[in-house]
file target.txt (compact mmCIF, C-alpha atoms)
# COMPACT_ATOMS: atom_id res chain seq x y z
CA MET A 1 -2.61 -56.06 2.57
CA MET A 2 -2.13 -52.28 2.48
CA VAL A 3 -1.47 -50.15 5.55
CA PHE A 4 -4.36 -47.72 6.09
CA GLU A 5 -2.50 -44.54 6.97
CA ASN A 6 -2.75 -41.23 5.10
CA LYS A 7 -4.96 -42.82 2.45
CA THR A 8 -8.29 -41.93 0.87
CA VAL A 9 -10.67 -44.70 1.88
CA LEU A 10 -14.27 -45.33 0.82
CA ILE A 11 -16.63 -47.20 3.14
CA LEU A 12 -19.57 -48.76 1.26
CA SER A 13 -22.71 -49.45 3.28
CA GLN A 14 -26.44 -49.87 2.86
CA GLN A 15 -26.90 -48.22 6.27
CA ASP A 16 -27.10 -44.44 6.32
CA TRP A 17 -24.83 -42.21 8.36
CA GLY A 18 -26.57 -41.03 11.53
CA THR A 19 -26.66 -41.02 15.32
CA MET A 20 -26.68 -44.79 15.81
CA PHE A 21 -23.48 -46.58 14.87
CA LEU A 22 -22.87 -50.08 13.55
CA SER A 23 -19.50 -51.61 12.70
CA LYS A 24 -19.16 -49.72 9.42
CA HIS A 25 -19.62 -46.34 11.13
CA HIS A 26 -16.98 -47.21 13.73
CA TYR A 27 -14.55 -48.28 11.00
CA ALA A 28 -14.99 -44.89 9.32
CA VAL A 29 -14.26 -42.98 12.55
CA GLU A 30 -11.25 -45.10 13.53
CA LEU A 31 -9.73 -44.88 10.03
CA GLY A 32 -10.18 -41.10 10.19
CA LYS A 33 -8.28 -41.03 13.49
CA MET A 34 -5.40 -42.80 11.74
CA GLY A 35 -5.01 -39.85 9.37
CA ASN A 36 -6.99 -41.24 6.46
CA HIS A 37 -9.58 -39.24 4.55
CA VAL A 38 -12.71 -41.37 4.80
CA TYR A 39 -15.82 -41.08 2.63
CA TYR A 40 -18.78 -43.09 3.89
CA ILE A 41 -20.87 -43.96 0.84
CA GLU A 42 -24.50 -44.61 1.70
CA GLY A 43 -26.75 -46.83 -0.39
CA PRO A 44 -28.12 -45.18 -3.55
CA ASN A 45 -31.42 -43.30 -3.44
CA SER A 46 -31.07 -42.86 0.33
CA ASP A 47 -32.32 -39.28 -0.04
CA MET A 48 -35.11 -38.78 -2.55
CA ASN A 49 -34.70 -35.02 -2.15
CA LEU A 50 -31.70 -35.32 -4.45
CA ASN A 51 -32.09 -34.93 -8.18
CA LYS A 52 -31.61 -38.02 -10.33
CA GLY A 53 -27.91 -38.76 -10.65
CA GLU A 54 -26.96 -36.17 -8.00
CA VAL A 55 -24.08 -36.73 -5.56
CA ARG A 56 -23.63 -34.73 -2.34
CA ILE A 57 -20.77 -34.82 0.15
CA PHE A 58 -21.38 -33.87 3.80
CA SER A 59 -18.99 -33.24 6.67
CA THR A 60 -19.32 -35.04 10.02
CA GLU A 61 -18.23 -34.09 13.53
CA TYR A 62 -15.38 -36.58 13.20
CA THR A 63 -11.96 -35.61 11.88
CA ASN A 64 -11.38 -36.54 8.22
CA VAL A 65 -14.74 -38.33 7.94
CA TYR A 66 -17.41 -37.42 5.38
CA PHE A 67 -20.58 -39.12 4.21
CA VAL A 68 -21.93 -39.19 0.68
CA LYS A 69 -25.56 -39.29 -0.41
CA HIS A 70 -26.32 -40.13 -4.02
CA ARG A 71 -29.30 -40.91 -6.20
CA LEU A 72 -29.37 -43.11 -9.26
CA SER A 73 -30.53 -41.74 -12.60
CA PHE A 74 -32.37 -45.04 -13.20
CA PRO A 75 -34.74 -47.15 -11.08
CA LEU A 76 -33.07 -49.59 -8.67
CA TYR A 77 -35.29 -52.47 -9.79
CA VAL A 78 -33.12 -52.71 -12.91
CA LYS A 79 -30.63 -54.54 -10.64
CA PHE A 80 -33.06 -57.44 -10.26
CA LYS A 81 -34.78 -57.39 -13.65
CA MET A 82 -31.84 -56.67 -15.99
CA PRO A 83 -28.54 -57.36 -14.17
CA GLY A 84 -26.38 -56.89 -17.28
CA ILE A 85 -27.81 -53.42 -17.94
CA TYR A 86 -27.55 -52.63 -14.22
CA ASN A 87 -23.82 -53.43 -14.17
CA PHE A 88 -23.27 -51.03 -17.06
CA LEU A 89 -25.37 -48.25 -15.50
CA ILE A 90 -24.04 -48.62 -11.96
CA THR A 91 -20.44 -48.61 -13.20
CA ARG A 92 -21.10 -45.32 -14.96
CA HIS A 93 -22.83 -43.94 -11.84
CA ILE A 94 -19.94 -44.97 -9.56
CA LYS A 95 -17.43 -43.40 -11.92
CA LYS A 96 -19.38 -40.14 -11.64
CA LEU A 97 -19.55 -40.45 -7.85
CA VAL A 98 -15.81 -41.06 -7.52
CA GLY A 99 -15.17 -38.12 -9.84
CA LYS A 100 -16.97 -35.83 -7.37
CA LEU A 101 -14.53 -36.67 -4.59
CA PRO A 102 -11.67 -34.21 -4.05
CA ARG A 103 -9.06 -36.98 -3.71
CA LYS A 104 -7.90 -40.03 -5.62
CA VAL A 105 -9.27 -43.20 -4.01
CA ASP A 106 -6.65 -45.55 -2.53
CA ALA A 107 -8.88 -48.20 -1.01
CA VAL A 108 -12.49 -49.36 -0.81
CA ILE A 109 -13.87 -51.24 2.21
CA SER A 110 -17.28 -52.65 1.40
CA PHE A 111 -19.91 -53.79 3.90
CA ASP A 112 -22.34 -54.06 0.99
CA ILE A 113 -23.08 -57.79 0.76
CA SER A 114 -26.12 -56.93 -1.39
CA ASN A 115 -23.60 -56.04 -4.14
CA THR A 116 -25.56 -52.91 -4.97
CA LEU A 117 -22.25 -51.08 -5.37
CA PRO A 118 -20.01 -53.73 -7.00
CA LEU A 119 -16.32 -53.47 -6.17
CA PRO A 120 -14.99 -53.84 -9.77
CA ALA A 121 -16.76 -50.58 -10.66
CA PHE A 122 -14.32 -48.66 -8.42
CA GLY A 123 -11.39 -49.25 -10.72
CA ASN A 124 -7.77 -49.84 -9.83
CA CYS A 125 -7.46 -49.56 -6.05
CA SER A 126 -7.26 -51.89 -3.06
CA LYS A 127 -10.60 -53.49 -2.15
CA ILE A 128 -11.78 -55.47 0.88
CA LEU A 129 -15.18 -56.98 1.61
CA ILE A 130 -16.30 -57.15 5.25
CA ALA A 131 -19.15 -59.62 5.70
CA ALA A 132 -20.47 -58.34 9.02
CA ASP A 133 -23.80 -60.11 8.46
CA ASP A 134 -24.85 -63.47 7.07
CA SER A 135 -26.88 -63.77 3.90
CA LYS A 136 -28.20 -66.69 1.86
CA ASP A 137 -28.53 -64.47 -1.22
CA LYS A 138 -26.06 -65.27 -4.01
CA ALA A 139 -25.36 -61.53 -4.23
CA ALA A 140 -23.32 -61.91 -1.01
CA ILE A 141 -20.84 -64.12 -2.86
CA GLU A 142 -20.85 -61.91 -5.95
CA ALA A 143 -19.98 -58.98 -3.65
CA ALA A 144 -16.54 -60.53 -3.11
CA LYS A 145 -15.65 -60.22 -6.80
CA GLY A 146 -12.72 -57.83 -7.14
CA ALA A 147 -11.82 -57.99 -3.43
CA SER A 148 -8.31 -58.88 -2.30
CA ALA A 149 -9.68 -60.41 0.93
CA VAL A 150 -12.89 -61.08 2.84
CA LEU A 151 -13.11 -60.22 6.55
CA SER A 152 -15.91 -61.24 8.89
CA ILE A 153 -16.98 -61.37 12.52
CA ALA A 154 -17.78 -65.10 12.49
CA GLN A 155 -16.13 -68.12 10.92
CA GLU A 156 -19.47 -69.52 9.74
CA TYR A 157 -20.08 -66.36 7.68
CA LEU A 158 -16.85 -67.02 5.78
CA VAL A 159 -17.70 -70.55 4.63
CA LYS A 160 -19.58 -69.37 1.55
CA TYR A 161 -16.49 -67.49 0.32
CA GLU A 162 -14.12 -70.47 0.42
CA GLY A 163 -14.34 -70.97 -3.34
CA CYS A 164 -13.45 -67.36 -4.18
CA GLY A 165 -9.68 -67.97 -4.15
CA ILE A 166 -8.87 -65.04 -1.87
CA PRO A 167 -7.74 -64.86 1.79
CA LEU A 168 -10.47 -65.07 4.44
CA TYR A 169 -10.04 -63.62 7.95
CA ASN A 170 -12.24 -63.97 11.04
CA LEU A 171 -11.87 -60.78 13.09
CA GLY A 172 -14.43 -61.55 15.78
CA HIS A 173 -16.42 -58.81 17.52
CA GLY A 174 -15.09 -55.61 19.05
CA VAL A 175 -16.13 -52.42 20.81
CA ALA A 176 -15.00 -48.83 20.51
CA SER A 177 -12.09 -47.95 22.79
CA TYR A 178 -14.10 -45.54 24.94
CA PHE A 179 -16.25 -48.43 26.21
CA ILE A 180 -13.14 -49.92 27.84
CA ASN A 181 -12.33 -48.06 31.05
CA ASP A 182 -12.91 -48.21 34.80
CA ILE A 183 -15.28 -45.24 34.97
CA ILE A 184 -18.20 -47.14 36.46
CA ASP A 185 -20.98 -45.55 38.52
CA GLU A 186 -21.25 -47.57 41.74
CA THR A 187 -24.36 -45.80 43.01
CA ILE A 188 -26.83 -48.21 44.62
CA ASN A 189 -30.19 -47.40 43.04
CA ASP A 190 -33.47 -47.66 44.94
CA ARG A 191 -34.90 -49.57 41.99
CA LEU A 192 -32.83 -51.99 39.93
CA GLN A 193 -31.78 -50.36 36.66
CA ILE A 194 -31.28 -52.61 33.62
CA GLY A 195 -29.96 -51.26 30.32
CA LEU A 196 -30.44 -52.53 26.78
CA SER A 197 -29.19 -50.95 23.57
CA GLY A 198 -30.09 -51.73 19.97
CA ASN A 199 -32.53 -51.09 17.16
CA PHE A 200 -36.02 -51.69 18.54
CA LEU A 201 -37.62 -51.37 15.10
CA ARG A 202 -36.22 -54.72 13.95
CA ARG A 203 -38.84 -57.34 13.14
CA ASP A 204 -36.57 -60.20 14.24
CA LEU A 205 -36.57 -59.17 17.92
CA ASP A 206 -38.22 -61.66 20.28
CA ARG A 207 -40.82 -59.08 21.20
CA ASP A 208 -43.10 -61.41 23.16
CA THR A 209 -40.27 -62.44 25.49
CA MET A 210 -39.14 -58.84 25.97
CA LEU A 211 -42.65 -57.67 26.86
CA HIS A 212 -43.11 -60.65 29.19
CA ILE A 213 -39.89 -59.78 31.08
CA PHE A 214 -40.80 -56.09 31.31
CA SER A 215 -44.39 -56.65 32.47
CA GLU A 216 -43.52 -59.42 34.95
CA ASN A 217 -40.94 -57.23 36.72
CA PRO A 218 -42.77 -53.98 37.62
CA GLY A 219 -40.22 -53.23 40.36
CA VAL A 220 -37.37 -53.01 37.87
CA ASP A 221 -36.67 -50.11 35.49
CA PHE A 222 -35.66 -51.08 31.95
CA ASN A 223 -33.71 -48.40 30.08
CA LEU A 224 -33.73 -48.81 26.29
CA TRP A 225 -31.30 -46.86 24.12
CA GLY A 226 -31.79 -47.01 20.36
CA SER A 227 -34.20 -46.47 17.49
CA TYR A 228 -37.91 -46.58 18.23
CA ASN A 229 -39.05 -43.82 15.86
CA TYR A 230 -38.96 -44.90 12.21
CA ALA A 231 -38.71 -41.34 10.88
CA ASN A 232 -35.55 -40.65 12.90
CA SER A 233 -33.75 -43.96 12.32
CA ASN A 234 -30.63 -44.17 10.14
CA LEU A 235 -30.61 -47.98 10.30
CA ALA A 236 -32.61 -50.60 8.43
CA SER A 237 -35.95 -50.66 10.27
CA ASP A 238 -39.51 -51.92 10.01
CA ASN A 239 -42.60 -49.73 10.07
CA ASP A 240 -45.40 -52.29 9.84
CA ALA A 241 -48.45 -52.51 12.11
CA ASP A 242 -46.89 -55.11 14.43
CA THR A 243 -43.78 -52.96 14.92
CA LEU A 244 -45.85 -49.87 15.70
CA LYS A 245 -47.96 -51.89 18.15
CA PHE A 246 -44.80 -53.15 19.89
CA ILE A 247 -43.39 -49.63 20.29
CA ASP A 248 -46.75 -48.33 21.53
CA THR A 249 -46.87 -51.12 24.15
CA LEU A 250 -43.35 -50.20 25.32
CA LYS A 251 -44.43 -46.58 25.73
CA GLN A 252 -47.34 -47.63 27.94
CA LEU A 253 -45.20 -49.66 30.35
CA THR A 254 -44.37 -47.42 33.30
CA ASN A 255 -41.09 -49.26 34.07
CA VAL A 256 -39.72 -48.93 30.52
CA ARG A 257 -37.82 -45.80 29.51
CA LEU A 258 -37.23 -45.21 25.83
CA HIS A 259 -34.18 -42.94 25.58
CA GLY A 260 -33.98 -43.03 21.77
CA GLN A 261 -30.85 -42.73 19.68
CA VAL A 262 -27.74 -41.36 21.37
CA LEU A 263 -24.15 -40.94 20.25
CA PRO A 264 -21.86 -43.91 20.98
CA ARG A 265 -19.84 -41.95 23.56
CA VAL A 266 -23.06 -41.08 25.42
CA LEU A 267 -24.15 -44.71 25.30
CA ALA A 268 -20.80 -45.83 26.77
CA VAL A 269 -21.39 -43.55 29.78
CA GLU A 270 -25.08 -44.35 30.27
CA LEU A 271 -24.67 -48.13 30.15
CA LYS A 272 -22.12 -47.97 32.99
CA LYS A 273 -24.75 -46.38 35.22
CA MET A 274 -26.85 -49.53 35.02
CA ASP A 275 -26.99 -52.30 37.62

call {"tool": "encode", "arguments": {"input": "target.txt", "output": "structure tokens"}}
result
Amino acid sequence: MMVFENKTVLILSQQDWGTMFLSKHHYAVELGKMGNHVYYIEGPNSDMNLNKGEVRIFSTEYTNVYFVKHRLSFPLYVKFKMPGIYNFLITRHIKKLVGKLPRKVDAVISFDISNTLPLPAFGNCSKILIAADDSKDKAAIEAAKGASAVLSIAQEYLVKYEGCGIPLYNLGHGVASYFINDIIDETINDRLQIGLSGNFLRRDLDRDTMLHIFSENPGVDFNLWGSYNYANSNLASDNDADTLKFIDTLKQLTNVRLHGQVLPRVLAVELKKMD
């Protein structure tokens, strides 16, 4: 497997670049620190303000890290209705996208288990698939085509790739280095402070249990960091009536504080103030 130093690396993700970070965002930042030039490729059509077929590259506050927005010149439903035609069109689109980059691509790291951006379309370079989530969709297996290895955070996620004939590695979970230090606020608070971070717009949260805990403990303050406003979220989120009702209920609870999205370094500091 190649050494990722002084390379041009593409990160493929269906999650946009933004304030809240998931594993793919952290990979981009850490690879940039290692001296690589990293281009974080968002899912297509992430910004409908772009013209059809347009590709735009944006700088970030992180050294050597950029994110790329792009819009297809054809409707995305072609992927599901006419897969053969989609493969032809997306390969042409990816070739155009890569041609807009100022550097020759050395490696592609894909978190895209939807296989919306298929690895073979990126030509002759090193390719790795990171299955950070589980999926029963056959597209998750197809996403490994062209990869030299599949990495994951759980052994059970790797089982489906055993017939692909490529190395499989279980990395486990990790945290950014700035979470690991002894800078802990030992202030004894008058009211117990509990912290929780995540995406509160996800439909798969056990909302009833959360609301039960919050409402049954009025003497405790619950501090929630993460997405609760759909318009401001850069992560996959829900905006249905039940989700809106859940967020509205949280807002009405006097012992719940919705802090919204914060940068990872801010989150690392704020969580250590909790009891």

call {"tool": "residues_near_point", "arguments": {"input": "target.txt", "point": "(-37.3, -54.4, 37.3)", "cutoff": "10 Å", "atoms": "only C-alpha atoms", "output": "list in words"}}
result
Arg191, Leu192, Gln193, Ile194, Ile213, Phe214, Ser215, Glu216, Asn217, Pro218, Gly219, Val220, Asp221, Phe222, Asn255 and Val256 of chain A

call {"tool": "residues_around", "arguments": {"input": "target.txt", "residues": "range 41-58 of chain A", "least_positions_apart": "6", "cutoff": "8 Å", "atoms": "only C-alpha atoms", "output": "short mmCIF file (atom, residue, chain, number, x, y, z; two decimals) with C-alpha atoms, keeping the file's coordinate frame"}}
result
data_model
loop_
_atom_site.label_atom_id
_atom_site.label_comp_id
_atom_site.auth_asym_id
_atom_site.auth_seq_id
_atom_site.Cartn_x
_atom_site.Cartn_y
_atom_site.Cartn_z
CA LEU A 10 -14.27 -45.33 0.82
CA ILE A 11 -16.63 -47.20 3.14
CA LEU A 12 -19.57 -48.76 1.26
CA SER A 13 -22.71 -49.45 3.28
CA GLN A 14 -26.44 -49.87 2.86
CA GLN A 15 -26.90 -48.22 6.27
CA ASP A 16 -27.10 -44.44 6.32
CA TRP A 17 -24.83 -42.21 8.36
CA TYR A 66 -17.41 -37.42 5.38
CA PHE A 67 -20.58 -39.12 4.21
CA VAL A 68 -21.93 -39.19 0.68
CA LYS A 69 -25.56 -39.29 -0.41
CA HIS A 70 -26.32 -40.13 -4.02
CA ARG A 71 -29.30 -40.91 -6.20
CA LEU A 72 -29.37 -43.11 -9.26
CA SER A 73 -30.53 -41.74 -12.60
CA PHE A 74 -32.37 -45.04 -13.20
CA HIS A 93 -22.83 -43.94 -11.84
CA LEU A 97 -19.55 -40.45 -7.85
CA LYS A 100 -16.97 -35.83 -7.37
CA THR A 116 -25.56 -52.91 -4.97
CA LEU A 117 -22.25 -51.08 -5.37
#

call {"tool": "closest_residue", "arguments": {"input": "target.txt", "among": "A:Leu205, A:Leu31, A:Leu129, A:Leu271", "to": "Leu158 in chain A", "atoms": "all atoms listed in the file"}}
result
A:Leu129

call {"tool": "residues_around", "arguments": {"input": "target.txt", "residues": "range 131-136 of chain A", "least_positions_apart": "6", "cutoff": "9 Å", "atoms": "all atoms listed in the file", "output": "ChimeraX atom specification"}}
result
/A:23-24,110-114,150-154,156-158

call {"tool": "closest_residue", "arguments": {"input": "target.txt", "among": "A:Leu263, A:Val65, A:Leu89, A:Ile141", "to": "Tyr39 in chain A", "atoms": "all atoms listed in the file"}}
result
A:Val65

call {"tool": "decode", "arguments": {"input": "target.txt", "residues": "range 39-64 of chain A", "atoms": "N, CA, C and O atoms", "output": "short mmCIF file (atom, residue, chain, number, x, y, z; two decimals), in the first residue's frame"}}
result
data_model
loop_
_atom_site.label_atom_id
_atom_site.label_comp_id
_atom_site.auth_asym_id
_atom_site.auth_seq_id
_atom_site.Cartn_x
_atom_site.Cartn_y
_atom_site.Cartn_z
N TYR A 39 -8.10 16.92 -1.99
CA TYR A 39 -9.31 17.48 -2.59
C TYR A 39 -10.49 16.63 -2.14
O TYR A 39 -10.60 15.45 -2.49
N TYR A 40 -11.36 17.23 -1.36
CA TYR A 40 -12.53 16.55 -0.82
C TYR A 40 -13.67 16.70 -1.84
O TYR A 40 -14.19 17.80 -2.04
N ILE A 41 -14.02 15.60 -2.48
CA ILE A 41 -15.03 15.63 -3.54
C ILE A 41 -16.40 15.32 -2.95
O ILE A 41 -16.67 14.19 -2.52
N GLU A 42 -17.27 16.30 -2.92
CA GLU A 42 -18.62 16.08 -2.42
C GLU A 42 -19.43 15.26 -3.42
O GLU A 42 -19.02 15.04 -4.55
N GLY A 43 -20.61 14.81 -2.98
CA GLY A 43 -21.50 14.11 -3.90
C GLY A 43 -21.97 15.05 -4.99
O GLY A 43 -22.02 16.27 -4.80
N PRO A 44 -22.30 14.53 -6.18
CA PRO A 44 -22.73 15.40 -7.28
C PRO A 44 -24.05 16.09 -6.97
O PRO A 44 -24.85 15.60 -6.16
N ASN A 45 -24.25 17.23 -7.59
CA ASN A 45 -25.48 18.02 -7.44
C ASN A 45 -25.68 18.51 -6.02
O ASN A 45 -26.80 18.79 -5.60
N SER A 46 -24.58 18.61 -5.24
CA SER A 46 -24.70 19.09 -3.87
C SER A 46 -25.05 20.57 -3.81
O SER A 46 -25.54 21.06 -2.80
N ASP A 47 -24.80 21.29 -4.88
CA ASP A 47 -25.12 22.72 -4.93
C ASP A 47 -25.83 23.01 -6.25
O ASP A 47 -25.21 23.08 -7.30
N MET A 48 -27.15 23.17 -6.17
CA MET A 48 -27.93 23.39 -7.38
C MET A 48 -27.74 24.79 -7.94
O MET A 48 -28.32 25.13 -8.97
N ASN A 49 -26.95 25.63 -7.27
CA ASN A 49 -26.61 26.94 -7.80
C ASN A 49 -25.58 26.83 -8.92
O ASN A 49 -25.36 27.79 -9.67
N LEU A 50 -24.95 25.67 -9.03
CA LEU A 50 -23.98 25.46 -10.11
C LEU A 50 -24.72 25.20 -11.42
O LEU A 50 -25.84 24.68 -11.44
N ASN A 51 -24.06 25.54 -12.51
CA ASN A 51 -24.60 25.20 -13.82
C ASN A 51 -24.42 23.71 -14.07
O ASN A 51 -23.57 23.06 -13.45
N LYS A 52 -25.18 23.14 -14.97
CA LYS A 52 -25.06 21.72 -15.28
C LYS A 52 -23.64 21.42 -15.78
O LYS A 52 -23.12 22.11 -16.65
N GLY A 53 -23.02 20.43 -15.19
CA GLY A 53 -21.67 20.05 -15.58
C GLY A 53 -20.56 20.88 -14.95
O GLY A 53 -19.38 20.61 -15.17
N GLU A 54 -20.92 21.88 -14.14
CA GLU A 54 -19.92 22.79 -13.58
C GLU A 54 -19.17 22.15 -12.41
O GLU A 54 -19.72 21.36 -11.64
N VAL A 55 -17.89 22.50 -12.28
CA VAL A 55 -17.03 22.03 -11.19
C VAL A 55 -16.39 23.26 -10.55
O VAL A 55 -15.82 24.10 -11.24
N ARG A 56 -16.47 23.34 -9.21
CA ARG A 56 -15.85 24.45 -8.49
C ARG A 56 -14.98 23.94 -7.35
O ARG A 56 -15.39 23.03 -6.62
N ILE A 57 -13.82 24.54 -7.20
CA ILE A 57 -12.87 24.16 -6.15
C ILE A 57 -12.81 25.28 -5.12
O ILE A 57 -12.65 26.46 -5.48
N PHE A 58 -12.92 24.94 -3.85
CA PHE A 58 -12.91 25.92 -2.77
C PHE A 58 -11.79 25.61 -1.78
O PHE A 58 -11.49 24.45 -1.51
N SER A 59 -11.20 26.66 -1.22
CA SER A 59 -10.20 26.49 -0.18
C SER A 59 -10.88 26.25 1.16
O SER A 59 -12.05 26.60 1.36
N THR A 60 -10.15 25.67 2.11
CA THR A 60 -10.64 25.52 3.48
C THR A 60 -9.65 26.21 4.41
O THR A 60 -8.60 26.69 3.98
N GLU A 61 -9.97 26.24 5.69
CA GLU A 61 -9.05 26.84 6.67
C GLU A 61 -7.90 25.91 7.00
O GLU A 61 -6.98 26.29 7.74
N TYR A 62 -7.91 24.71 6.45
CA TYR A 62 -6.89 23.71 6.76
C TYR A 62 -5.84 23.66 5.66
O TYR A 62 -6.16 23.72 4.47
N THR A 63 -4.59 23.54 6.06
CA THR A 63 -3.48 23.54 5.13
C THR A 63 -3.61 22.41 4.11
O THR A 63 -3.83 21.25 4.48
N ASN A 64 -3.49 22.76 2.83
CA ASN A 64 -3.46 21.79 1.73
C ASN A 64 -4.79 21.08 1.50
O ASN A 64 -4.83 20.08 0.78
#
